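See below for run06.cif, which holds mmCIF, C-alpha atoms and all ligand atoms.
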```cif
data_upload
#
loop_
_atom_site.label_atom_id
_atom_site.label_comp_id
_atom_site.auth_asym_id
_atom_site.auth_seq_id
_atom_site.Cartn_x
_atom_site.Cartn_y
_atom_site.Cartn_z
CA MET A 549 146.09 194.08 78.47
CA THR A 550 147.17 193.36 82.02
CA HIS A 551 144.74 194.23 84.80
CA TYR A 552 145.42 194.68 88.48
CA THR A 553 141.97 194.49 90.10
CA GLU A 554 142.80 191.82 92.70
CA SER A 555 146.01 193.62 93.71
CA ALA A 556 144.08 196.88 94.02
CA ALA A 557 141.54 195.23 96.33
CA LEU A 558 144.27 193.64 98.44
CA LEU A 559 146.06 196.95 98.70
CA GLU A 560 142.95 198.58 100.12
CA ARG A 561 142.66 195.75 102.65
CA ALA A 562 146.38 195.94 103.49
CA LYS A 563 146.23 199.69 104.05
CA LYS A 564 143.94 199.14 107.02
CA VAL A 565 146.67 197.27 108.92
CA LEU A 566 149.99 197.79 107.14
CA ALA A 567 151.13 201.41 107.09
CA GLY A 568 150.69 202.49 103.48
CA GLY A 569 149.83 198.89 102.60
CA VAL A 570 153.48 197.81 102.32
CA SER A 571 156.45 196.61 104.38
CA SER A 572 159.09 198.74 102.65
CA GLU A 573 158.61 202.25 101.24
CA PHE A 574 160.01 201.26 97.85
CA ARG A 575 157.27 198.66 97.32
CA LYS A 576 154.70 201.41 96.90
CA TYR A 577 156.32 202.45 93.67
CA ASN A 578 155.27 199.54 91.54
CA HIS A 579 153.01 199.98 88.53
CA PRO A 580 150.24 201.10 88.82
CA HIS A 581 150.46 200.70 92.62
CA ALA A 582 151.83 198.12 95.06
CA ILE A 583 151.26 194.68 93.55
CA PHE A 584 150.63 191.43 95.43
CA TYR A 585 152.44 188.37 94.16
CA THR A 586 151.69 184.69 94.50
CA HIS A 587 154.93 183.01 93.46
CA GLY A 588 158.16 183.26 91.54
CA LYS A 589 160.03 180.65 89.50
CA GLY A 590 163.23 181.12 87.54
CA SER A 591 163.04 184.35 85.57
CA ARG A 592 159.27 184.77 86.17
CA ILE A 593 157.08 186.17 88.89
CA TYR A 594 153.27 185.88 89.10
CA ASP A 595 150.74 188.18 90.72
CA VAL A 596 147.32 187.65 92.31
CA ASP A 597 145.57 188.75 89.11
CA GLY A 598 147.20 185.85 87.29
CA ASN A 599 149.68 188.09 85.44
CA GLU A 600 153.05 186.56 84.57
CA TYR A 601 156.07 188.84 84.40
CA LEU A 602 159.52 188.34 83.00
CA ASP A 603 161.34 189.73 86.02
CA PHE A 604 164.30 192.08 85.81
CA THR A 605 163.82 193.48 89.31
CA LEU A 606 164.95 190.23 90.96
CA SER A 607 163.55 191.56 94.23
CA GLN A 608 165.78 194.66 94.02
CA GLY A 609 168.81 192.52 93.23
CA PRO A 610 169.08 189.52 95.55
CA LEU A 611 167.81 186.83 93.16
CA LEU A 612 171.01 186.31 91.19
CA LEU A 613 169.98 182.70 90.60
CA GLY A 614 166.38 183.65 89.79
CA HIS A 615 163.31 182.86 91.86
CA SER A 616 163.00 179.66 93.92
CA HIS A 617 166.24 177.95 92.94
CA PRO A 618 165.58 174.30 93.86
CA GLU A 619 169.03 173.59 95.32
CA VAL A 620 168.91 176.67 97.51
CA LEU A 621 165.44 175.76 98.76
CA GLN A 622 166.50 172.19 99.47
CA ALA A 623 169.59 173.32 101.41
CA ILE A 624 167.47 175.70 103.50
CA HIS A 625 164.91 172.99 104.18
CA ASP A 626 167.50 170.39 105.15
CA TYR A 627 169.53 172.64 107.43
CA SER A 628 166.48 174.22 109.06
CA GLU A 629 165.28 170.77 110.07
CA GLN A 630 168.26 170.61 112.40
CA GLY A 631 167.26 173.85 114.05
CA GLN A 632 166.58 177.46 113.17
CA LEU A 633 168.51 179.66 115.56
CA PHE A 634 170.70 178.56 118.43
CA ALA A 635 171.81 181.73 120.21
CA GLY A 636 175.12 180.03 119.59
CA GLN A 637 177.46 178.95 116.85
CA HIS A 638 177.03 176.23 114.28
CA HIS A 639 179.12 174.39 111.74
CA LYS A 640 177.97 175.91 108.48
CA GLU A 641 178.54 179.41 109.78
CA ILE A 642 182.26 178.69 109.80
CA GLU A 643 182.04 177.08 106.38
CA LEU A 644 180.42 180.23 104.99
CA ALA A 645 182.97 182.52 106.63
CA GLU A 646 185.84 180.35 105.34
CA LYS A 647 184.35 180.42 101.88
CA LEU A 648 183.94 184.21 101.86
CA ALA A 649 187.42 184.71 103.31
CA GLY A 650 188.80 182.62 100.43
CA LEU A 651 186.89 184.60 97.83
CA ILE A 652 186.81 188.27 98.86
CA PRO A 653 190.20 190.01 98.78
CA SER A 654 189.57 192.23 101.84
CA ALA A 655 187.96 189.52 103.98
CA ASP A 656 190.31 188.46 106.74
CA LEU A 657 187.59 188.55 109.39
CA MET A 658 183.87 189.06 109.19
CA ARG A 659 180.59 189.19 111.08
CA PHE A 660 177.16 188.27 109.76
CA CYS A 661 174.22 190.66 110.13
CA LEU A 662 170.71 190.73 108.69
CA ASP A 663 170.80 193.40 106.02
CA GLY A 664 172.88 196.00 104.26
CA SER A 665 171.73 198.93 106.38
CA GLU A 666 172.96 197.55 109.68
CA ALA A 667 176.19 196.18 108.23
CA VAL A 668 176.99 199.70 106.93
CA GLN A 669 176.49 201.10 110.44
CA THR A 670 178.77 198.42 111.86
CA ALA A 671 181.47 199.51 109.44
CA PHE A 672 181.12 203.13 110.59
CA ARG A 673 181.45 202.02 114.20
CA VAL A 674 184.64 200.10 113.46
CA ALA A 675 186.09 203.00 111.48
CA ARG A 676 185.37 205.49 114.24
CA ALA A 677 186.72 203.26 116.97
CA LYS A 678 189.97 202.58 115.16
CA THR A 679 190.71 206.09 113.97
CA GLY A 680 189.30 208.06 116.92
CA LYS A 681 187.66 210.34 114.34
CA THR A 682 183.92 210.78 113.92
CA LYS A 683 182.78 211.70 110.42
CA PHE A 684 182.58 209.80 107.16
CA LEU A 685 182.82 211.08 103.62
CA ARG A 686 180.09 209.88 101.29
CA PHE A 687 178.92 210.69 97.79
CA GLU A 688 175.81 212.17 96.21
CA GLY A 689 173.47 209.56 94.73
CA HIS A 690 174.92 206.62 96.65
CA TYR A 691 172.47 204.67 98.78
CA HIS A 692 173.77 203.05 101.96
CA GLY A 693 170.48 202.06 103.58
CA TRP A 694 167.66 203.86 105.28
CA LEU A 695 169.11 204.62 108.73
CA ASP A 696 169.52 208.19 109.93
CA ASN A 697 173.07 209.18 109.09
CA VAL A 698 172.76 208.00 105.47
CA ALA A 699 169.16 209.10 104.91
CA TRP A 700 170.16 212.54 103.71
CA GLY A 701 170.49 213.72 100.14
CA LEU A 702 168.65 210.76 98.62
CA SER A 703 166.12 212.71 96.64
CA THR A 704 166.79 216.05 95.05
CA PRO A 705 164.51 217.89 92.65
CA SER A 706 167.24 219.50 90.52
CA VAL A 707 170.94 220.18 90.08
CA GLU A 708 170.29 223.76 91.20
CA ALA A 709 168.93 222.48 94.51
CA LEU A 710 172.22 220.64 95.12
CA GLY A 711 174.12 223.90 94.89
CA ASP A 712 177.87 224.20 95.19
CA ARG A 713 179.90 221.10 94.28
CA GLU A 714 182.36 221.81 97.08
CA ASP A 715 179.67 222.22 99.71
CA PRO A 716 176.48 220.54 98.47
CA ASN A 717 173.05 221.02 99.99
CA VAL A 718 171.49 217.89 101.42
CA TYR A 719 167.88 217.34 102.31
CA PRO A 720 166.47 214.83 104.79
CA TRP A 721 164.78 211.85 103.13
CA SER A 722 162.48 211.40 106.09
CA ALA A 723 160.97 213.29 108.97
CA GLY A 724 162.23 212.27 112.39
CA LEU A 725 165.94 211.88 111.60
CA ALA A 726 168.19 212.53 114.58
CA PRO A 727 169.08 216.22 114.19
CA ASN A 728 172.80 215.63 114.64
CA SER A 729 172.85 212.80 112.06
CA ARG A 730 173.55 215.54 109.49
CA ASP A 731 176.79 216.31 111.33
CA GLU A 732 178.12 212.79 110.87
CA PHE A 733 179.14 213.14 107.23
CA ILE A 734 180.61 215.28 104.52
CA ILE A 735 179.08 214.74 101.09
CA LEU A 736 180.57 215.37 97.65
CA PRO A 737 179.78 214.61 94.01
CA TRP A 738 181.22 211.23 92.98
CA ASN A 739 184.04 210.60 90.50
CA ASP A 740 185.75 213.94 91.14
CA LEU A 741 189.07 212.93 92.65
CA GLU A 742 190.49 216.44 92.76
CA LEU A 743 187.55 217.61 94.83
CA VAL A 744 187.86 214.64 97.17
CA ARG A 745 191.60 215.32 97.57
CA LYS A 746 190.99 218.96 98.40
CA THR A 747 188.22 218.17 100.88
CA VAL A 748 190.15 215.40 102.59
CA ALA A 749 193.24 217.60 102.89
CA GLU A 750 191.10 220.10 104.82
CA HIS A 751 189.01 217.68 106.86
CA HIS A 752 191.08 214.53 107.39
CA HIS A 753 191.45 215.24 111.09
CA GLU A 754 187.72 214.55 111.50
CA LEU A 755 187.23 211.86 108.84
CA ALA A 756 187.17 208.23 109.97
CA ALA A 757 186.20 206.77 106.60
CA ILE A 758 185.29 207.19 102.98
CA ILE A 759 182.32 205.08 101.93
CA THR A 760 181.46 204.44 98.30
CA GLU A 761 179.56 202.04 96.12
CA PRO A 762 182.36 200.82 93.82
CA ILE A 763 179.88 201.26 90.97
CA MET A 764 177.16 203.86 91.54
CA CYS A 765 174.41 201.31 90.97
CA ASN A 766 171.72 203.26 92.77
CA ASN A 767 171.71 206.16 90.34
CA GLY A 768 172.44 205.68 86.69
CA CYS A 769 174.64 202.59 87.22
CA ILE A 770 177.74 204.72 86.71
CA LEU A 771 181.23 203.23 86.59
CA PRO A 772 184.15 204.80 88.46
CA GLN A 773 186.45 206.97 86.35
CA ASP A 774 189.89 205.51 85.76
CA GLY A 775 191.98 206.03 88.88
CA PHE A 776 189.11 207.22 91.08
CA LEU A 777 188.91 204.20 93.39
CA GLN A 778 192.71 204.00 93.54
CA GLY A 779 192.74 207.68 94.44
CA LEU A 780 190.36 207.01 97.34
CA ARG A 781 192.55 204.09 98.43
CA ASP A 782 195.63 206.32 98.43
CA LEU A 783 193.91 209.07 100.41
CA CYS A 784 192.71 206.61 103.04
CA ASP A 785 196.25 205.26 103.39
CA GLN A 786 197.75 208.73 103.55
CA TYR A 787 195.38 210.10 106.16
CA GLY A 788 194.54 207.02 108.24
CA MET A 789 190.91 206.57 107.20
CA ALA A 790 188.99 203.41 106.42
CA LEU A 791 188.06 202.81 102.80
CA ILE A 792 184.62 201.20 102.93
CA PHE A 793 183.19 199.58 99.80
CA ASP A 794 179.44 199.18 99.92
CA GLU A 795 179.12 196.03 97.82
CA VAL A 796 175.49 195.44 98.73
CA ILE A 797 174.64 195.44 95.01
CA THR A 798 177.96 194.61 93.38
CA GLY A 799 178.74 191.73 95.76
CA PHE A 800 178.46 188.42 93.85
CA ARG A 801 176.79 190.27 90.98
CA VAL A 802 179.93 191.69 89.40
CA SER A 803 181.87 188.57 90.43
CA LEU A 804 182.00 186.13 93.33
CA LYS A 805 184.93 188.17 94.63
CA GLY A 806 183.06 191.46 94.43
CA ALA A 807 183.80 194.68 92.62
CA GLN A 808 186.97 194.98 94.70
CA ASP A 809 188.46 192.13 92.69
CA TYR A 810 187.00 193.41 89.41
CA PHE A 811 188.69 196.80 89.90
CA GLY A 812 191.73 195.49 91.76
CA ILE A 813 191.28 197.86 94.70
CA THR A 814 191.16 196.35 98.19
CA PRO A 815 189.11 198.31 100.73
CA ASP A 816 189.62 198.07 104.48
CA LEU A 817 186.01 197.16 105.15
CA SER A 818 183.20 196.09 102.87
CA ILE A 819 179.56 195.18 103.01
CA PHE A 820 177.98 192.25 101.22
CA ALA A 821 174.23 191.60 101.27
CA LYS A 822 171.49 191.20 98.63
CA ALA A 823 172.78 188.61 96.14
CA ILE A 824 174.82 186.53 98.57
CA ALA A 825 171.87 184.46 99.77
CA SER A 826 169.17 184.39 97.07
CA GLY A 827 166.68 186.52 98.98
CA TYR A 828 167.35 185.40 102.56
CA PRO A 829 168.16 188.02 105.19
CA ILE A 830 171.89 187.89 105.70
CA SER A 831 174.63 190.42 105.18
CA ALA A 832 178.30 190.43 106.02
CA ILE A 833 180.68 193.10 107.13
CA VAL A 834 184.08 191.84 106.05
CA GLY A 835 187.42 193.49 106.48
CA LYS A 836 191.11 193.46 107.05
CA ARG A 837 192.19 192.08 110.38
CA ALA A 838 193.65 195.38 111.56
CA TRP A 839 190.14 196.88 111.46
CA MET A 840 187.94 193.90 112.26
CA GLN A 841 190.03 192.98 115.28
CA LEU A 842 188.22 195.73 117.15
CA ILE A 843 185.12 193.56 116.95
CA GLU A 844 187.21 190.47 117.72
CA GLU A 845 188.44 192.11 120.91
CA ALA A 846 184.94 193.41 121.78
CA LYS A 847 186.15 196.99 121.70
CA VAL A 848 183.47 197.48 119.06
CA ILE A 849 180.23 195.72 119.88
CA HIS A 850 178.25 194.03 117.17
CA ALA A 851 175.26 191.85 118.05
CA GLY A 852 171.88 190.62 116.84
CA THR A 853 169.49 187.92 118.03
CA MET A 854 168.64 186.80 114.51
CA ASN A 855 172.17 186.87 113.05
CA ALA A 856 173.42 183.83 111.11
CA SER A 857 170.28 181.74 111.50
CA ASN A 858 170.38 178.30 109.91
CA PRO A 859 168.23 179.14 106.88
CA THR A 860 170.20 182.25 105.97
CA ILE A 861 173.58 180.53 106.26
CA ALA A 862 172.35 177.54 104.27
CA ALA A 863 170.94 179.89 101.61
CA ALA A 864 174.26 181.70 101.24
CA LEU A 865 176.32 178.51 101.10
CA ALA A 866 174.01 176.93 98.53
CA THR A 867 174.02 180.12 96.44
CA ILE A 868 177.83 180.15 96.37
CA GLN A 869 177.96 176.45 95.60
CA VAL A 870 175.70 176.87 92.58
CA LEU A 871 177.56 179.98 91.40
CA GLU A 872 180.94 178.24 91.70
CA ARG A 873 179.73 175.12 89.94
CA ASP A 874 177.71 176.74 87.15
CA GLN A 875 179.94 179.80 86.63
CA PRO A 876 177.11 181.88 85.14
CA TYR A 877 179.17 185.07 84.94
CA GLU A 878 180.10 184.88 81.27
CA ARG A 879 176.37 184.50 80.49
CA LEU A 880 175.30 187.24 82.90
CA TYR A 881 177.63 189.69 81.17
CA ARG A 882 176.82 188.47 77.65
CA PHE A 883 173.05 188.52 78.15
CA GLY A 884 173.19 191.81 80.01
CA GLN A 885 175.24 193.44 77.27
CA LYS A 886 173.01 191.97 74.59
CA LEU A 887 170.00 193.48 76.35
CA MET A 888 171.75 196.84 76.72
CA THR A 889 172.61 196.91 73.02
CA GLY A 890 169.13 195.70 72.08
CA LEU A 891 167.51 198.49 74.08
CA GLU A 892 169.79 201.06 72.47
CA GLN A 893 168.92 199.75 69.00
CA ALA A 894 165.20 199.70 69.79
CA ALA A 895 165.48 203.31 70.94
CA ALA A 896 167.40 204.31 67.81
CA GLU A 897 164.79 202.65 65.58
CA THR A 898 161.92 204.39 67.33
CA GLY A 899 163.65 207.76 67.70
CA GLN A 900 163.76 207.66 71.49
CA ASN A 901 166.55 209.19 73.57
CA LEU A 902 167.14 206.17 75.78
CA ARG A 903 170.57 206.13 77.45
CA VAL A 904 171.84 202.76 78.69
CA GLN A 905 174.75 202.57 81.14
CA GLY A 906 176.27 199.80 83.24
CA LEU A 907 178.20 196.57 83.19
CA GLY A 908 175.68 193.98 82.03
CA PRO A 909 174.70 191.98 85.14
CA MET A 910 173.10 195.25 86.17
CA PHE A 911 172.57 198.39 84.16
CA HIS A 912 170.42 201.50 83.97
CA ALA A 913 168.23 202.73 81.14
CA GLY A 914 166.73 206.22 81.27
CA PHE A 915 165.71 208.98 78.89
CA THR A 916 168.03 211.92 78.37
CA ASP A 917 169.66 213.99 75.63
CA GLN A 918 172.65 214.77 77.84
CA PRO A 919 176.06 213.09 77.58
CA PRO A 920 176.66 209.95 79.70
CA ALA A 921 176.42 210.82 83.38
CA THR A 922 179.54 210.50 85.51
CA ASP A 923 177.89 211.50 88.78
CA TYR A 924 174.49 211.93 90.43
CA ARG A 925 174.15 215.49 89.16
CA GLY A 926 174.40 214.15 85.62
CA THR A 927 171.40 211.88 86.24
CA LEU A 928 169.10 214.65 87.38
CA GLY A 929 168.47 215.70 83.78
CA TYR A 930 166.86 212.32 83.03
CA ASN A 931 163.20 212.54 82.05
CA ARG A 932 161.46 210.73 84.91
CA VAL A 933 157.95 211.08 83.47
CA LYS A 934 159.04 209.37 80.28
CA LEU A 935 160.77 206.63 82.26
CA ALA A 936 157.62 206.01 84.29
CA LYS A 937 155.64 205.62 81.05
CA PHE A 938 158.20 203.21 79.66
CA ILE A 939 158.26 201.10 82.84
CA ALA A 940 154.45 201.08 82.92
CA GLY A 941 154.28 200.07 79.25
CA MET A 942 156.73 197.21 79.85
CA HIS A 943 154.85 196.11 82.97
CA ASP A 944 151.49 196.09 81.20
CA ARG A 945 153.09 193.80 78.61
CA GLY A 946 154.52 191.42 81.23
CA VAL A 947 158.09 192.67 81.66
CA ARG A 948 158.91 193.90 85.15
CA VAL A 949 161.68 196.47 85.66
CA ILE A 950 162.50 198.58 88.73
CA GLY A 951 160.78 201.96 88.48
CA ARG A 952 163.97 203.98 88.59
CA GLY A 953 165.29 202.19 85.51
CA LEU A 954 167.74 199.71 87.04
CA TRP A 955 167.77 196.29 85.35
CA TYR A 956 169.14 193.13 86.97
CA ILE A 957 170.03 189.95 85.06
CA SER A 958 169.92 186.52 86.71
CA ALA A 959 171.41 183.16 85.90
CA ALA A 960 167.83 182.00 85.23
CA HIS A 961 167.34 184.39 82.31
CA THR A 962 167.59 182.71 78.92
CA GLU A 963 168.53 184.16 75.57
CA GLU A 964 164.82 183.95 74.64
CA ASP A 965 164.01 186.07 77.70
CA ILE A 966 166.49 188.70 76.57
CA ASP A 967 165.09 188.68 73.02
CA HIS A 968 161.57 188.95 74.40
CA ALA A 969 162.52 191.95 76.57
CA ILE A 970 164.10 193.71 73.58
CA LYS A 971 161.06 193.01 71.40
CA THR A 972 158.73 194.30 74.11
CA ALA A 973 160.85 197.41 74.61
CA ARG A 974 160.74 198.14 70.87
CA GLU A 975 156.95 197.82 70.96
CA VAL A 976 156.65 200.13 73.98
CA LEU A 977 159.09 202.70 72.65
CA GLY A 978 157.22 202.81 69.36
CA SER A 979 153.74 202.81 70.81
CA GLU A 980 151.63 205.88 70.26
CA GLU A 981 149.24 205.12 73.10
CA LEU A 982 151.99 206.18 75.51
CA GLY A 983 151.91 209.66 74.02
CA TRP A 984 155.66 210.13 74.02
C1 LIG B 1 174.44 199.95 97.85
C2 LIG B 1 173.45 199.66 98.94
N1 LIG B 1 173.86 199.74 100.21
C3 LIG B 1 173.03 199.46 101.24
C4 LIG B 1 171.73 199.11 101.01
C5 LIG B 1 170.81 198.80 102.16
O1 LIG B 1 170.63 197.42 102.22
P1 LIG B 1 169.30 196.82 102.90
O2 LIG B 1 168.14 197.24 102.08
O3 LIG B 1 169.57 195.34 102.87
O4 LIG B 1 169.27 197.34 104.29
C6 LIG B 1 171.25 199.02 99.70
C7 LIG B 1 169.86 198.64 99.41
O5 LIG B 1 169.37 198.73 98.31
C8 LIG B 1 172.14 199.31 98.63
O6 LIG B 1 171.74 199.27 97.35
#
```
Could you write out this structure as structure tokens?
Amino acid sequence: MTHYTESAALLERAKKVLAGGVSSEFRKYNHPHAIFYTHGKGSRIYDVDGNEYLDFTLSQGPLLLGHSHPEVLQAIHDYSEQGQLFAGQHHKEIELAEKLAGLIPSADLMRFCLDGSEAVQTAFRVARAKTGKTKFLRFEGHYHGWLDNVAWGLSTPSVEALGDREDPNVYPWSAGLAPNSRDEFIILPWNDLELVRKTVAEHHHELAAIITEPIMCNNGCILPQDGFLQGLRDLCDQYGMALIFDEVITGFRVSLKGAQDYFGITPDLSIFAKAIASGYPISAIVGKRAWMQLIEEAKVIHAGTMNASNPTIAAALATIQVLERDQPYERLYRFGQKLMTGLEQAAAETGQNLRVQGLGPMFHAGFTDQPPATDYRGTLGYNRVKLAKFIAGMHDRGVRVIGRGLWYISAAHTEEDIDHAIKTAREVLGSEELGW
């Protein structure tokens, strides 16, 4: 059985100098505690105790090509030799922007940032500046980064605690949030177009934007109901609001053109991050010219010392080049769906109430007897204790999955990897030692 003694010792050492022993809150929630890794290659990652894991976390999504893709690493090395950061422009930055503009339907103009969180805030700034309105409408269970005005309502103990669907309760995710950050948004359950229509009709005079993940990847990996995204598009057109798609997860994962192409709905502004650069810190706010021209004209200020550094741009270009050449999407969907079906069958054979939802390249598996969830409230009935046991059982057998039950597939996963994950899941689901 896997042991974690070296990681445990390093965690104690780290805690003396790194707050909580980690560099991001989410990294605490590994099994059985924060783990220290030595290297990653393809579909595998290795820890300091010598454990090898078949990796379905893919570093919370970015590693669409798997760990340490040689062509990406080579491109980063070669381009970094010419310089790292110029406080100025460089050739490949234009190449990347041209490439993204050619791929993403809403991308007339763009700016590069470092991560999803700050790109989301840039989108809010543009939306406010253009519309002269101040608030944004967002949805329960959607994650748009860790900054103040979106760090509300991210953890809720129960449906009862959320209260009224028309006027939900929200709780701060952190101490120290700016007190008026709560006033910046209206929040609603997702996938309920009638409710959104009613709310927007009442509040449109103060709403600058509607922001949504096009697929609610961060909770339950829930797809939009037919007509929901179109309904949001129509409302934004009717009332002069920006439709913002947060494609931080869906970008490049659903397709190279994003979920906006998959669903055929073009937002005004969208955010791409995670999978666009194989684990290097770059994000993009892209949008229609009518909105992005506010940045062009410096009415809206966007800046950042580290933006568009050579390694990040090279990583993104190389990632796109490999994706365009290898076209792994048919495989990503096929393998993802095979894994989803395999998990469902393993659960049926072992009498477990595992519910699997999603597209394939990413999906969620959690334990519930309730019907498929269509919004965040529907996911709150999932049995989190059982999920934690399942994730721990998988991890102890060398299969690494994100603790909240989200699975990511990469182009490096093979059919044998998928079969191995299904076999391991069947073993875990049927194992008595977990005391189901
Ligand atoms: C949909 C979505 N938006 C925004 C973010 C924030 O991105 P980052 O962690 O790069 O700041 C995340 C991160 O997981 C995300 O999933």
Show me which residues sit within 8 Å of ligand LIG 1 (chain B) when counting all atoms listed in the file, and put them as a PyMOL selection string.
chain A and resi 608+662-666+668+690-694+761+764-766+794-798+819+821-822+829+831
Filtering to C-alpha atoms, could you give me those residues as a tab-separated table (two decimals), keeping the file's coordinate frame?
```tsv
chain	number	residue	atom	x	y	z
A	608	GLN	CA	165.78	194.66	94.02
A	662	LEU	CA	170.71	190.73	108.69
A	663	ASP	CA	170.80	193.40	106.02
A	664	GLY	CA	172.88	196.00	104.26
A	665	SER	CA	171.73	198.93	106.38
A	666	GLU	CA	172.96	197.55	109.68
A	668	VAL	CA	176.99	199.70	106.93
A	690	HIS	CA	174.92	206.62	96.65
A	691	TYR	CA	172.47	204.67	98.78
A	692	HIS	CA	173.77	203.05	101.96
A	693	GLY	CA	170.48	202.06	103.58
A	694	TRP	CA	167.66	203.86	105.28
A	761	GLU	CA	179.56	202.04	96.12
A	764	MET	CA	177.16	203.86	91.54
A	765	CYS	CA	174.41	201.31	90.97
A	766	ASN	CA	171.72	203.26	92.77
A	794	ASP	CA	179.44	199.18	99.92
A	795	GLU	CA	179.12	196.03	97.82
A	796	VAL	CA	175.49	195.44	98.73
A	797	ILE	CA	174.64	195.44	95.01
A	798	THR	CA	177.96	194.61	93.38
A	819	ILE	CA	179.56	195.18	103.01
A	821	ALA	CA	174.23	191.60	101.27
A	822	LYS	CA	171.49	191.20	98.63
A	829	PRO	CA	168.16	188.02	105.19
A	831	SER	CA	174.63	190.42	105.18
```
Test item: residues at most 9 Å from Pro920 in chain A, all atoms listed in the file, excluding those fewer than 5 positions along its chain, as number ranges by chain
A: 770, 903-905, 926-927
Surrounding residues of range 868-885 of chain A excluding itself and chain neighbours under 4 positions, 6 Å, only C-alpha atoms, as number ranges by chain
A: 908-909, 959
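Residue nearest Gln778 in chain A, chosen from A:Met942, A:Ala895, A:Ile813, A:Met910 and counting all atoms listed in the file: A:Ile813.
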What does the distance between CA of Gly906 in chain A and CA of Cys769 in chain A come to in Å, to one decimal place?
5.1 Å
Give as a PyMOL selection string the set of residues within 8 Å of the point (154.2, 184.1, 89.7), where distances use the file's coordinates and all atoms listed in the file.
chain A and resi 585-589+592-595+598-601
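For the residues A:Leu977, A:Leu602, A:Ala667, A:Leu842, ranking by smallest atom-to-atom distance to Ala896 in chain A using all atoms listed in the file places A:Leu977 first.
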Which of A:Gly590, A:Gly650, A:Gly779, A:Gly689 sits closest to Glu742 in chain A [using all atoms listed in the file]
A:Gly779
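Here CA of Gly978 in chain A is placed at a distance of 29.5 Å from CA of Gly614 in chain A.
Using only C-alpha atoms, the residues found no farther than 9 Å from Leu791 in chain A, other than those of its own chain fewer than 3 positions away, are Ala675, Ala757, Ile758, Ile759, Thr760, Leu780, Arg781, Leu783, Cys784, Asp785, Thr814, Pro815, Asp816, Leu817 and Ser818 of chain A.
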Quick one: write out the picked residues with C-alpha atoms as a PDB file, in the coordinates of the input?
```pdb
ATOM      1  CA  ALA A 675     186.090 203.000 111.480  1.00  0.00           C
ATOM      2  CA  ALA A 757     186.200 206.770 106.600  1.00  0.00           C
ATOM      3  CA  ILE A 758     185.290 207.190 102.980  1.00  0.00           C
ATOM      4  CA  ILE A 759     182.320 205.080 101.930  1.00  0.00           C
ATOM      5  CA  THR A 760     181.460 204.440  98.300  1.00  0.00           C
ATOM      6  CA  LEU A 780     190.360 207.010  97.340  1.00  0.00           C
ATOM      7  CA  ARG A 781     192.550 204.090  98.430  1.00  0.00           C
ATOM      8  CA  LEU A 783     193.910 209.070 100.410  1.00  0.00           C
ATOM      9  CA  CYS A 784     192.710 206.610 103.040  1.00  0.00           C
ATOM     10  CA  ASP A 785     196.250 205.260 103.390  1.00  0.00           C
ATOM     11  CA  THR A 814     191.160 196.350  98.190  1.00  0.00           C
ATOM     12  CA  PRO A 815     189.110 198.310 100.730  1.00  0.00           C
ATOM     13  CA  ASP A 816     189.620 198.070 104.480  1.00  0.00           C
ATOM     14  CA  LEU A 817     186.010 197.160 105.150  1.00  0.00           C
ATOM     15  CA  SER A 818     183.200 196.090 102.870  1.00  0.00           C
TER      16      SER A 818
END
```
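Reported to one decimal place, the separation of CA of Trp955 in chain A from CA of His912 in chain A is 6.0 Å.
Between Gly806 in chain A and the candidates A:Leu887, A:Ile652, A:Ala973, A:Ala863, the tightest atom-to-atom separation, counting all atoms listed in the file, involves A:Ile652.
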Spatial neighbours of Phe604 in chain A, max dist 8 Å, all atoms listed in the file, sep filter under 6 positions, as a ChimeraX atom specification
/A:591,947-950,955-958
Nearest residue to Thr972 in chain A from the set A:Thr916, A:Tyr787, A:Gly701, A:Phe938 (distances using only C-alpha atoms):
A:Phe938
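Closest to Lys640 in chain A among A:Ser857, A:Thr679, A:Ile734, A:Ile792 is A:Ser857, based on all atoms listed in the file.
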Surrounding residues of Asp944 in chain A excluding itself and chain neighbours under 2 positions, 7 Å, only C-alpha atoms, as a PyMOL selection string:
chain A and resi 549-550+940-942+946
Go ahead and write the residues just picked, C-alpha atoms, as a compact mmCIF listing (two decimals), in the coordinates of the input.
```txt
# COMPACT_ATOMS: atom_id res chain seq x y z
CA MET A 549 146.09 194.08 78.47
CA THR A 550 147.17 193.36 82.02
CA ALA A 940 154.45 201.08 82.92
CA GLY A 941 154.28 200.07 79.25
CA MET A 942 156.73 197.21 79.85
CA GLY A 946 154.52 191.42 81.23
```
